[in-house]
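S.K.: First the structure, then my questions, so here it is.
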Amino acid sequence: MIIIDGVPWRNWRRLFGNLEGFVAHGEARVWKMRSVLPSTSATCYASIHTGLPPQVTQVWGNEAIRRLDFPDIFSAVTGAGGRTGAVAHSFWSEFFNRAPFDVVRDIEYDEPGGPITHGRFHTMYGYNLINQATPADVDLFGTLTRLCERHGIDYGMLHTCTLDSMGHRFFHDCQEMDHACYALDAQLAPFVRRWRDKGYEVIVTADHGQDARGHHGGADDLQRDFALYYFGDAEGPGKDVLLDQLQLAPTILTRMGVPVPETMRAAPFLAG
């Protein structure tokens with residue numbers, strides 16, 4: 001699962017030519033998905049992998065970072081004997097492996113006991129509107145691919161903040177954002193092909209959207225709605241169905257043949 005942080009629905013459909021080309025060619029399908037509320041980054045991270053709303057996880061914002069004590073995708077997969085990998089912001093390691101994040105101990109680890117078997121993380125320490133402190137996306141895509149091909153991971157998750165940071169910095173109706181979406185889309189496309197050739201089903205999506213002023217956290221459709229592209233053989237709903245972010249966790253586990261924890265109550269949206 002590839003999570004591109006902070007991309008609203010309208011930017012996906014008009015600026016990601018390679019992903020849209022895969023759809024037009026019949027290799028992918030796309031739906032609109034709506035985030036939980038608040039549509040804040042860490043809040044959404046927690047809900048994506050636990051299938052629980054913020055009112056249950058009690059992750060109210062980016063300051064509420066701690067080790068979560070709910071079943072999640074990583075723990076379910078490793079509990080079933082699988083191997084997981086994550087290339088992401090350090091918040092993910094804190095939520096699903098251990099907290100607080102130690103930049104030496106936790107920036108890279110390989111731990112058979114999981115829940116995240118193979119972790120490669122970054123902090124974006126020093127982030128501001130002049131210095132985004134984001135890694136190059138192609139480096140992140142390459143790192144996840146290395147984990148897949150070297151360790152044979154069963155479930156891999158990648159998270160990049162580049163476009164979220166660009167939206168906060170430049171807003172959305174500008175040349176800078178147009179080019180940033182174009183560049184990421186072009187970098188991602190050959191990796192999607194490589195992952196598919198290795199037998200992986202692929203989901204490319206976001207955690208939330210952003211409005212015209214680069215804001216999210218609230219209930220506006222621009223702040224909540226984003227695209228989900230699926231590459232695989234499962235059957236999905238009609239193209240106009242609005243998906244719920246809480247459906248992601250049980251859907252992924254179902255596709256992997258892993259028992260879905262009782263706490264994940266949303267219905268999977270892929271079958272077959």
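A note on labels: chains of the structure tokens are A, B, ... as shown, every chain counts residues from 1, and ligands are counted from 1 in their shown order.
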Could you give me, as a list in words, the residues within 8 Å of segment 242-252 of chain A, counting only C-alpha atoms and dropping anything in the same chain fewer than 5 positions from it?

M.R.: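 So the residues in contact are Trp31, Lys32, Met33, Arg34, Ser35, Val36, Ser47, Ile48, His49, Thr50, Gly51, Leu52, Pro53, Asp72, Ile73, Val260, Met264, Arg265, Ala266, Ala267, Pro268, Phe269 and Leu270 of chain A.
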
S.K.: Determine which residues of segment 14-117 of chain A DSSP labels as strand (DSSP E) from the backbone of this structure, then write them out as a VMD selection string.

M.R.: chain A and resid 29 to 34 84 to 89 108 to 110

S.K.: Could you write out the selected residues, including N, CA and C atoms, as a PDB file, in the first residue's frame?

M.R.:
ATOM      1  N   ARG A  29      -8.189   0.174 -11.210  1.00  0.00           N
ATOM      2  CA  ARG A  29      -9.493   0.800 -10.992  1.00  0.00           C
ATOM      3  C   ARG A  29      -9.338   1.879  -9.946  1.00  0.00           C
ATOM      4  N   VAL A  30     -10.224   2.854  -9.985  1.00  0.00           N
ATOM      5  CA  VAL A  30     -10.103   3.984  -9.070  1.00  0.00           C
ATOM      6  C   VAL A  30     -11.457   4.295  -8.457  1.00  0.00           C
ATOM      7  N   TRP A  31     -11.423   4.591  -7.157  1.00  0.00           N
ATOM      8  CA  TRP A  31     -12.613   5.024  -6.423  1.00  0.00           C
ATOM      9  C   TRP A  31     -12.269   6.250  -5.597  1.00  0.00           C
ATOM     10  N   LYS A  32     -13.299   6.966  -5.191  1.00  0.00           N
ATOM     11  CA  LYS A  32     -13.131   8.045  -4.222  1.00  0.00           C
ATOM     12  C   LYS A  32     -13.275   7.464  -2.817  1.00  0.00           C
ATOM     13  N   MET A  33     -12.375   7.867  -1.924  1.00  0.00           N
ATOM     14  CA  MET A  33     -12.426   7.449  -0.527  1.00  0.00           C
ATOM     15  C   MET A  33     -12.491   8.683   0.355  1.00  0.00           C
ATOM     16  N   ARG A  34     -13.171   8.562   1.486  1.00  0.00           N
ATOM     17  CA  ARG A  34     -13.328   9.677   2.420  1.00  0.00           C
ATOM     18  C   ARG A  34     -12.644   9.355   3.737  1.00  0.00           C
ATOM     19  N   THR A  84       6.132  -8.291   7.391  1.00  0.00           N
ATOM     20  CA  THR A  84       5.683  -6.960   7.014  1.00  0.00           C
ATOM     21  C   THR A  84       6.870  -6.027   6.826  1.00  0.00           C
ATOM     22  N   GLY A  85       6.641  -4.960   6.072  1.00  0.00           N
ATOM     23  CA  GLY A  85       7.658  -3.939   5.877  1.00  0.00           C
ATOM     24  C   GLY A  85       7.018  -2.567   5.837  1.00  0.00           C
ATOM     25  N   ALA A  86       7.725  -1.568   6.338  1.00  0.00           N
ATOM     26  CA  ALA A  86       7.226  -0.200   6.326  1.00  0.00           C
ATOM     27  C   ALA A  86       8.369   0.755   6.013  1.00  0.00           C
ATOM     28  N   VAL A  87       8.127   1.664   5.076  1.00  0.00           N
ATOM     29  CA  VAL A  87       9.050   2.752   4.734  1.00  0.00           C
ATOM     30  C   VAL A  87       8.232   4.014   4.895  1.00  0.00           C
ATOM     31  N   ALA A  88       8.503   4.793   5.952  1.00  0.00           N
ATOM     32  CA  ALA A  88       7.518   5.809   6.324  1.00  0.00           C
ATOM     33  C   ALA A  88       8.083   6.795   7.329  1.00  0.00           C
ATOM     34  N   HIS A  89       7.258   7.790   7.622  1.00  0.00           N
ATOM     35  CA  HIS A  89       7.529   8.737   8.699  1.00  0.00           C
ATOM     36  C   HIS A  89       7.572   7.996  10.029  1.00  0.00           C
ATOM     37  N   GLU A 108      16.121   2.221  11.404  1.00  0.00           N
ATOM     38  CA  GLU A 108      16.182   1.018  10.567  1.00  0.00           C
ATOM     39  C   GLU A 108      16.211  -0.192  11.473  1.00  0.00           C
ATOM     40  N   TYR A 109      15.289  -1.121  11.249  1.00  0.00           N
ATOM     41  CA  TYR A 109      15.329  -2.348  12.045  1.00  0.00           C
ATOM     42  C   TYR A 109      14.775  -3.530  11.272  1.00  0.00           C
ATOM     43  N   ASP A 110      15.249  -4.703  11.667  1.00  0.00           N
ATOM     44  CA  ASP A 110      14.795  -5.977  11.118  1.00  0.00           C
ATOM     45  C   ASP A 110      14.550  -6.886  12.304  1.00  0.00           C
TER      46      ASP A 110
END

S.K.: What lies within 8 Å of segment 2-5 of chain A using only C-alpha atoms, ignoring chain neighbours under 2 positions off, as a ChimeraX atom specification?

M.R.: /A:7,41,157-164,202-209

S.K.: Considering only C-alpha atoms, tabulate each residue of segment 187-239 of chain A that lies at most 12 Å from segment 114-137 of chain A along with its nearest interatomic pair and the corresponding distance in Å to one decimal; arrange the rows by chain and ascending residue number and present them as a Markdown table.

M.R.:
| residue | atom | partner | partner_atom | distance |
| --- | --- | --- | --- | --- |
| A:Gln187 | CA | A:Asp137 | CA | 7.5 |
| A:Leu188 | CA | A:Asp137 | CA | 8.2 |
| A:Ala189 | CA | A:Asp137 | CA | 11.9 |
| A:Phe191 | CA | A:Asp137 | CA | 11.3 |
| A:Gly214 | CA | A:Leu129 | CA | 11.8 |

S.K.: Quick one, how far is atom CA of Phe96 of chain A from atom CA of Asp139 of chain A?

M.R.: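 So the two atoms, atom CA of Phe96 of chain A and atom CA of Asp139 of chain A, lie 22.7 Å apart.
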
S.K.: For Ile153 of chain A, which residue among A:Arg169, A:Arg193, A:His179, A:Lys198 is the nearest when counting only C-alpha atoms?

M.R.: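 Answer, going by the shortest atom-to-atom distance: A:Lys198.
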
S.K.: I'd like to know which residues of segment 47-262 of chain A are helix (DSSP H, G or I) (by DSSP, run on the backbone); could you write them as a PyMOL selection string?

M.R.: chain A and resi 47-50+54-57+73-79+90-96+137-151+162-170+175-197+221-224+245-256

S.K.: What's around segment 68-70 of chain A at 12 Å? Count only C-alpha atoms, leave out sequence neighbours fewer than 2 positions away in its own chain, and write the answer as an MDAnalysis selection string.

M.R.: chainID A and resid 42:43 45:47 49:54 56:59 64:66 72:76 91:100 115 261:264

S.K.: For atom CA of Ala186 of chain A and atom CA of Tyr229 of chain A, determine how far apart the two atoms are, in Å to one decimal place.

M.R.: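 We find that atom CA of Ala186 of chain A and atom CA of Tyr229 of chain A lie 15.3 Å from each other.
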
S.K.: With only C-alpha atoms as the basis for distance, which of A:Asp197, A:Asp240, A:Asp185, A:Asp220 is at the shortest distance from Leu15 of chain A?

M.R.: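 Looking only at the distances to Leu15 of chain A, the closest residue turns out to be A:Asp185.
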
S.K.: For a test of reading the model, state the distance in Å between atom CA of Asp221 of chain A and atom CA of Gly26 of chain A, rounded to one decimal.

M.R.: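 So the answer is 27.7 Å.
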